[in-house]
file input_30.cif (mmCIF, C-alpha atoms)
data_entry
#
loop_
_atom_site.label_atom_id
_atom_site.label_comp_id
_atom_site.auth_asym_id
_atom_site.auth_seq_id
_atom_site.Cartn_x
_atom_site.Cartn_y
_atom_site.Cartn_z
CA MET A 1 99.80 124.95 80.02
CA ASN A 2 98.90 128.39 81.45
CA ARG A 3 96.35 126.76 83.76
CA PHE A 4 99.18 125.17 85.78
CA THR A 5 101.05 128.45 86.36
CA PRO A 6 99.60 129.26 89.85
CA VAL A 7 100.54 125.87 91.30
CA VAL A 8 104.00 125.89 89.72
CA ALA A 9 104.60 129.40 91.07
CA SER A 10 103.47 128.27 94.51
CA LEU A 11 105.91 125.36 94.55
CA LEU A 12 108.74 127.67 93.52
CA LEU A 13 107.76 130.04 96.32
CA LEU A 14 107.99 127.19 98.83
CA MET A 15 111.53 126.44 97.67
CA VAL A 16 112.77 129.98 98.25
CA TYR A 17 110.61 130.76 101.31
CA PRO A 18 110.73 127.73 103.64
CA ALA A 19 108.29 127.33 106.51
CA PHE A 20 109.42 128.33 110.00
CA ALA A 21 107.91 129.38 113.28
CA ASP A 22 109.01 132.00 115.82
CA ASP A 23 106.91 130.69 118.71
CA LYS A 24 106.78 127.13 119.99
CA SER A 25 103.06 127.16 120.88
CA VAL A 26 102.10 128.20 117.36
CA GLN A 27 104.57 125.72 115.93
CA ASP A 28 102.74 122.96 117.81
CA ALA A 29 99.35 124.05 116.47
CA VAL A 30 100.32 124.97 112.91
CA LYS A 31 102.11 122.31 110.92
CA PHE A 32 102.79 121.17 107.40
CA ASP A 33 100.05 118.83 106.20
CA LEU A 34 99.54 116.56 103.21
CA ARG A 35 96.01 115.29 102.55
CA ALA A 36 94.11 113.03 100.21
CA ILE A 37 90.71 114.32 99.11
CA GLY A 38 87.68 112.99 97.28
CA GLN A 39 84.24 114.28 96.34
CA THR A 40 81.14 113.21 94.49
CA GLN A 41 79.56 115.50 91.92
CA GLY A 42 77.48 118.43 93.12
CA ALA A 43 75.94 121.63 91.81
CA GLY A 44 78.22 122.39 88.87
CA VAL A 45 81.22 120.48 90.28
CA PRO A 46 82.54 117.05 89.21
CA ASN A 47 83.36 113.74 90.82
CA ALA A 48 87.03 114.07 91.76
CA ILE A 49 89.94 112.64 93.69
CA GLY A 50 93.20 114.36 94.46
CA ALA A 51 95.71 115.64 96.97
CA GLY A 52 96.52 118.87 98.74
CA ALA A 53 99.18 120.46 100.93
CA PHE A 54 98.98 123.10 103.68
CA VAL A 55 102.31 124.86 104.22
CA PRO A 56 102.94 127.47 106.95
CA LEU A 57 105.27 130.08 105.52
CA HIS A 58 105.77 132.24 108.60
CA ALA A 59 104.42 132.04 112.16
CA THR A 60 104.55 134.50 115.05
CA ALA A 61 103.19 134.23 118.60
CA ASN A 62 99.60 134.62 117.41
CA ALA A 63 99.52 134.51 113.59
CA VAL A 64 100.50 132.48 110.56
CA THR A 65 100.96 133.16 106.86
CA TYR A 66 100.36 130.07 104.76
CA ILE A 67 99.96 128.70 101.28
CA ASP A 68 97.61 125.85 100.41
CA VAL A 69 97.59 123.99 97.08
CA GLU A 70 95.37 121.28 95.61
CA ALA A 71 95.38 119.19 92.44
CA LYS A 72 92.43 116.95 91.55
CA ALA A 73 91.61 114.48 88.81
CA ASN A 74 88.07 115.13 87.58
CA LEU A 75 86.18 111.92 86.81
CA ASP A 76 83.13 110.99 84.72
CA ASP A 77 79.69 112.14 85.81
CA ARG A 78 77.24 109.46 86.83
CA SER A 79 75.70 108.13 83.61
CA GLY A 80 72.62 110.13 82.67
CA ASP A 81 73.08 112.59 85.55
CA SER A 82 74.97 115.67 84.38
CA SER A 83 76.66 117.75 87.06
CA ILE A 84 76.31 120.83 84.81
CA ILE A 85 72.65 120.21 83.70
CA ASN A 86 72.69 118.92 80.08
CA THR A 87 76.15 117.69 79.11
CA ASP A 88 77.77 114.85 81.04
CA VAL A 89 81.29 115.70 82.19
CA ALA A 90 83.80 113.12 80.94
CA GLY A 91 87.05 112.13 82.63
CA THR A 92 89.84 112.34 83.21
CA THR A 93 90.84 116.02 83.43
CA LEU A 94 92.75 118.19 85.91
CA SER A 95 91.78 120.95 88.32
CA THR A 96 94.20 123.00 90.43
CA SER A 97 93.71 125.42 93.30
CA THR A 98 96.06 127.77 95.16
CA ARG A 99 95.35 129.85 98.27
CA LEU A 100 97.63 132.36 100.01
CA GLY A 101 96.28 133.37 103.40
CA TYR A 102 96.87 135.02 106.75
CA ARG A 103 95.29 133.84 110.02
CA TRP A 104 95.59 135.26 113.53
CA LEU A 105 94.27 134.70 117.06
CA ASN A 106 92.90 137.54 119.18
CA GLU A 107 93.32 137.81 122.95
CA SER A 108 90.19 135.67 123.47
CA GLY A 109 91.60 132.83 121.39
CA GLN A 110 89.26 133.40 118.43
CA MET A 111 90.67 133.04 114.95
CA TYR A 112 90.33 135.48 112.07
CA GLY A 113 91.58 134.88 108.55
CA VAL A 114 91.71 136.28 105.03
CA TYR A 115 92.88 134.62 101.82
CA ALA A 116 93.13 135.05 98.07
CA GLY A 117 93.77 132.52 95.34
CA TYR A 118 93.40 131.23 91.84
CA ASP A 119 91.76 128.07 90.48
CA THR A 120 91.75 126.24 87.15
CA ARG A 121 89.49 123.56 85.71
CA GLU A 122 89.76 121.51 82.56
CA LEU A 123 86.35 120.23 81.41
CA LYS A 124 85.84 117.48 78.85
CA ALA A 125 82.36 117.22 77.29
CA GLY A 126 80.82 113.76 77.03
CA THR A 127 77.36 112.60 76.04
CA VAL A 128 74.24 114.66 76.77
CA ASP A 129 71.19 113.90 78.93
CA THR A 130 68.74 115.27 76.34
CA THR A 131 67.26 113.94 73.12
CA VAL A 132 69.35 116.38 71.06
CA VAL A 133 71.98 114.72 68.88
CA VAL A 134 75.24 116.60 69.39
CA THR A 135 78.57 116.48 67.61
CA ASP A 136 82.03 117.96 68.10
CA PRO A 137 82.52 117.39 71.88
CA ARG A 138 85.32 119.59 73.16
CA THR A 139 87.73 119.97 76.06
CA VAL A 140 87.80 123.51 77.44
CA ASP A 141 89.51 125.36 80.29
CA PHE A 142 88.06 127.68 82.93
CA GLN A 143 89.81 129.85 85.53
CA GLN A 144 88.68 131.88 88.51
CA ALA A 145 90.03 134.23 91.17
CA ALA A 146 88.93 133.67 94.77
CA LEU A 147 88.70 135.86 97.88
CA GLY A 148 87.52 134.95 101.36
CA ALA A 149 87.41 135.80 105.05
CA GLU A 150 86.81 133.56 108.05
CA PHE A 151 86.10 133.70 111.77
CA VAL A 152 86.28 130.73 114.15
CA SER A 153 85.53 130.50 117.89
CA SER A 154 85.38 127.43 120.10
CA GLN A 155 81.96 126.45 118.64
CA TRP A 156 81.07 128.84 115.80
CA ARG A 157 82.51 129.39 112.36
CA PHE A 158 81.62 132.15 109.84
CA ASP A 159 82.91 132.26 106.25
CA VAL A 160 82.31 134.66 103.37
CA TYR A 161 83.73 134.07 99.91
CA ALA A 162 83.74 135.26 96.31
CA LEU A 163 84.54 133.11 93.27
CA ILE A 164 85.10 135.28 90.20
CA PRO A 165 85.65 133.65 86.78
CA THR A 166 88.37 135.14 84.59
CA GLY A 167 89.31 134.79 80.93
CA ASP A 168 86.85 133.01 78.62
CA THR A 169 84.01 132.45 81.09
CA GLU A 170 81.60 130.97 78.48
CA GLN A 171 82.78 128.32 76.03
CA GLN A 172 81.23 125.98 73.49
CA LEU A 173 81.13 122.39 74.81
CA ASN A 174 79.75 120.71 71.68
CA SER A 175 77.65 121.54 68.63
CA HIS A 176 74.63 122.64 70.69
CA TYR A 177 75.53 123.42 74.32
CA GLN A 178 77.65 126.15 75.88
CA GLY A 179 79.18 125.99 79.37
CA GLY A 180 79.65 128.99 81.60
CA ALA A 181 81.74 129.38 84.76
CA LEU A 182 79.58 130.84 87.51
CA GLU A 183 80.41 133.93 89.52
CA THR A 184 79.47 132.97 93.07
CA TYR A 185 79.22 135.00 96.28
CA GLY A 186 78.32 133.24 99.50
CA ALA A 187 78.34 133.03 103.28
CA ASP A 188 78.41 129.95 105.54
CA VAL A 189 77.72 129.59 109.25
CA GLY A 190 79.02 126.50 111.05
CA TYR A 191 78.38 125.14 114.55
CA GLN A 192 80.49 122.55 116.37
CA ILE A 193 77.98 120.15 117.98
CA ASN A 194 80.65 118.05 119.69
CA ASP A 195 84.30 117.09 119.25
CA LYS A 196 83.54 115.11 116.10
CA THR A 197 80.48 116.71 114.47
CA LYS A 198 79.95 120.07 112.78
CA VAL A 199 76.89 121.38 110.93
CA THR A 200 76.85 124.23 108.41
CA VAL A 201 74.17 126.30 106.68
CA GLY A 202 74.89 128.67 103.82
CA TYR A 203 73.52 131.15 101.32
CA TYR A 204 74.97 131.94 97.90
CA HIS A 205 74.18 134.04 94.84
CA GLN A 206 75.42 132.99 91.41
CA ASN A 207 75.62 134.75 88.04
CA GLY A 208 76.62 133.46 84.64
CA ASP A 209 75.95 131.31 81.58
CA VAL A 210 74.26 134.24 79.77
CA GLY A 211 71.88 134.64 82.71
CA GLU A 212 70.65 131.04 82.52
CA ALA A 213 71.98 130.20 86.00
CA SER A 214 71.61 133.55 87.76
CA GLY A 215 69.88 133.43 91.12
CA SER A 216 70.26 132.55 94.77
CA GLY A 217 70.57 129.26 96.61
CA ALA A 218 70.91 127.67 100.04
CA SER A 219 73.00 124.82 101.39
CA ALA A 220 73.30 122.64 104.48
CA GLY A 221 76.26 120.49 105.43
CA LEU A 222 77.43 117.94 107.97
CA LYS A 223 81.02 116.92 108.76
CA TYR A 224 82.05 114.05 111.00
CA ASP A 225 85.57 113.23 112.19
CA ILE A 226 85.78 109.45 111.89
CA THR A 227 89.31 109.60 113.35
CA ASN A 228 91.77 112.42 114.04
CA ASN A 229 92.92 112.02 110.44
CA LEU A 230 89.78 111.07 108.52
CA THR A 231 86.78 113.38 107.99
CA ALA A 232 83.62 112.60 106.01
CA GLY A 233 81.16 115.23 104.85
CA LEU A 234 77.75 115.59 103.24
CA LYS A 235 76.39 118.74 101.60
CA VAL A 236 72.90 119.42 100.21
CA SER A 237 72.24 122.50 98.08
CA TYR A 238 69.26 123.95 96.24
CA ASP A 239 68.91 126.71 93.65
CA ASP A 240 66.68 127.22 90.62
CA ALA A 241 69.42 126.34 88.13
CA PHE A 242 70.61 123.03 89.62
CA GLU A 243 67.66 122.28 91.91
CA THR A 244 68.53 119.83 94.70
CA ARG A 245 72.06 118.40 94.65
CA VAL A 246 73.76 116.14 97.20
CA MET A 247 77.54 115.98 97.46
CA ALA A 248 79.74 113.75 99.65
CA THR A 249 83.36 114.50 100.58
CA ILE A 250 86.23 112.67 102.25
CA ASN A 251 89.48 114.11 103.61
CA TRP A 252 92.44 112.09 104.92
CA SER A 253 95.11 114.17 106.65
CA PHE A 254 98.68 112.96 107.05
CA ALA A 255 99.64 115.69 109.54
CA ASP A 256 99.85 113.39 112.58
CA LEU A 257 101.85 110.81 110.65
CA LEU A 258 104.28 113.49 109.52
CA LYS A 259 104.52 115.15 112.94
CA GLY A 260 104.19 112.19 115.25
CA ASP A 261 102.63 112.39 118.69
CA GLU A 262 98.82 112.03 118.58
CA ALA A 263 98.44 113.00 122.23
CA ASP A 264 100.33 116.21 121.59
CA HIS A 265 97.96 116.88 118.68
CA GLU A 266 94.92 116.57 120.97
CA ALA A 267 96.45 118.89 123.56
CA THR A 268 97.54 121.68 121.24
CA THR A 269 95.00 121.82 118.40
CA THR A 270 91.56 122.31 119.90
CA GLY A 271 88.93 124.94 119.16
CA ALA A 272 90.02 127.89 117.05
CA THR A 273 93.68 126.82 117.03
CA GLU A 274 92.73 123.74 114.99
CA ALA A 275 91.29 126.04 112.31
CA LEU A 276 94.73 127.65 111.91
CA ASN A 277 95.82 124.49 110.12
CA ALA A 278 92.67 123.81 108.07
CA ALA A 279 92.55 124.03 104.28
CA PRO A 280 90.30 126.83 102.96
CA GLU A 281 87.08 125.59 101.38
CA GLN A 282 85.11 126.72 98.28
CA ARG A 283 87.79 125.71 95.74
CA ASP A 284 85.76 124.39 92.77
CA ILE A 285 84.99 126.25 89.57
CA ARG A 286 81.24 125.78 89.22
CA VAL A 287 79.98 125.34 85.65
CA HIS A 288 76.45 125.41 84.18
CA ASP A 289 75.57 124.60 80.57
CA ALA A 290 72.67 125.75 78.42
CA TRP A 291 71.38 125.56 74.86
CA ALA A 292 73.49 127.69 72.56
CA GLY A 293 71.91 126.86 69.20
CA CYS A 294 73.08 124.68 66.34
CA ALA A 295 75.84 125.32 63.85
CA HIS A 296 73.21 124.84 61.11
CA GLY A 297 70.74 127.21 62.73
CA TRP A 298 67.79 126.23 64.93
CA ARG A 299 64.16 126.94 65.60
CA SER A 300 61.88 126.37 68.58
CA CYS A 301 58.47 124.70 68.60
CA GLY A 302 57.71 126.08 72.07
CA CYS A 303 58.63 122.98 74.04
CA CYS A 304 61.96 122.00 72.49
CA HIS A 305 64.71 123.11 70.10
CA VAL A 306 64.99 121.65 66.60
CA CYS A 307 68.15 121.80 64.51
CA CYS A 308 67.48 122.90 60.94
CA LEU A 309 69.75 120.86 58.69
#

call {"tool": "encode", "arguments": {"input": "input_30.cif", "output": "structure tokens"}}
result
Amino acid sequence: MNRFTPVVASLLLLMVYPAFADDKSVQDAVKFDLRAIGQTQGAGVPNAIGAGAFVPLHATANAVTYIDVEAKANLDDRSGDSSIINTDVAGTTLSTSTRLGYRWLNESGQMYGVYAGYDTRELKAGTVDTTVVVTDPRTVDFQQAALGAEFVSSQWRFDVYALIPTGDTEQQLNSHYQGGALETYGADVGYQINDKTKVTVGYYHQNGDVGEASGSGASAGLKYDITNNLTAGLKVSYDDAFETRVMATINWSFADLLKGDEADHEATTTGATEALNAAPEQRDIRVHDAWAGCAHGWRSCGCCHVCCL
């Protein structure tokens, strides 16, 4: 139950520290938001559906302190296509994510932000995509700390982030394979093409899984606002460990339904001010699995591993 502690603590904090705003203009731009989220599997992350909440804790004339929480149900991998390389992820398990952040606008209307948080992921091992016969599939838990900084102008966005696994970062998934949570450092650059479309390119470096997944990678993304409330996204990444992975996302915001006037939304949340209310990204605990030997001992013939019974 320890994996739920950050989210529980966040909810308790909301009860004793209610949201309020000291300036009407910021109050119009920064609002409480509930959202539904979904994603397909990507490089070390699972298929998932869930919900999140963005809650302003304190607003001034040009800044806001906020908390953002997410909870997602992790679903089965596509059959024969492991999101973590060898072992298919089985459903249904739970992931949680909490971010505490501070964002402010400068005199030019550009937004700066910093945040910190904590994430958890429960991972259930299923079948494997190799010819190895495995036994003893397990359900394990991973955690990570997260740090990030962001800058947003009317057209550009820059993000840097660090995802740092904590606790037992490498755990046995079954009789033969071990999963490791990846330490990831990255930077993303986004450009707003028009009112509805944004493109992003990124670079990241990952370490972990006893060095099996260490190396650098690149990503490219596209987001399109289908409506004021509904955003669809597509992300392509490549690194030596996962090779090419394609991930789709969907985000349905209930902010306008909760607040009301859509015209007011268009007038007060444009450019960098819209980013004041956005959920931080890079929330998933990325996992890679690799051969860890056999409980009976193993040998290698040069092209494969053989369990010695």

call {"tool": "closest_residue", "arguments": {"input": "input_30.cif", "among": "A:Gly52, A:Thr96, A:Thr273, A:Gln144", "to": "Gln110 of chain A", "atoms": "all atoms listed in the file"}}
result
A:Thr273

call {"tool": "atom_distance", "arguments": {"input": "input_30.cif", "atom1": "atom CA of Asp81 of chain A", "atom2": "atom CA of Ile164 of chain A"}}
result
26.1 Å

call {"tool": "residues_around", "arguments": {"input": "input_30.cif", "residues": "Asp284 of chain A", "least_positions_apart": "6", "cutoff": "9 Å", "atoms": "only C-alpha atoms", "output": "ChimeraX atom specification"}}
result
/A:44-46,95-97,119-121,163

call {"tool": "atom_distance", "arguments": {"input": "input_30.cif", "atom1": "atom CA of Gly208 of chain A", "atom2": "atom CA of Gln41 of chain A"}}
result
19.6 Å

call {"tool": "residues_around", "arguments": {"input": "input_30.cif", "residues": "Trp252 of chain A", "least_positions_apart": "2", "cutoff": "8 Å", "atoms": "only C-alpha atoms", "output": "PyMOL selection string"}}
result
chain A and resi 35-37+229-231+250+254
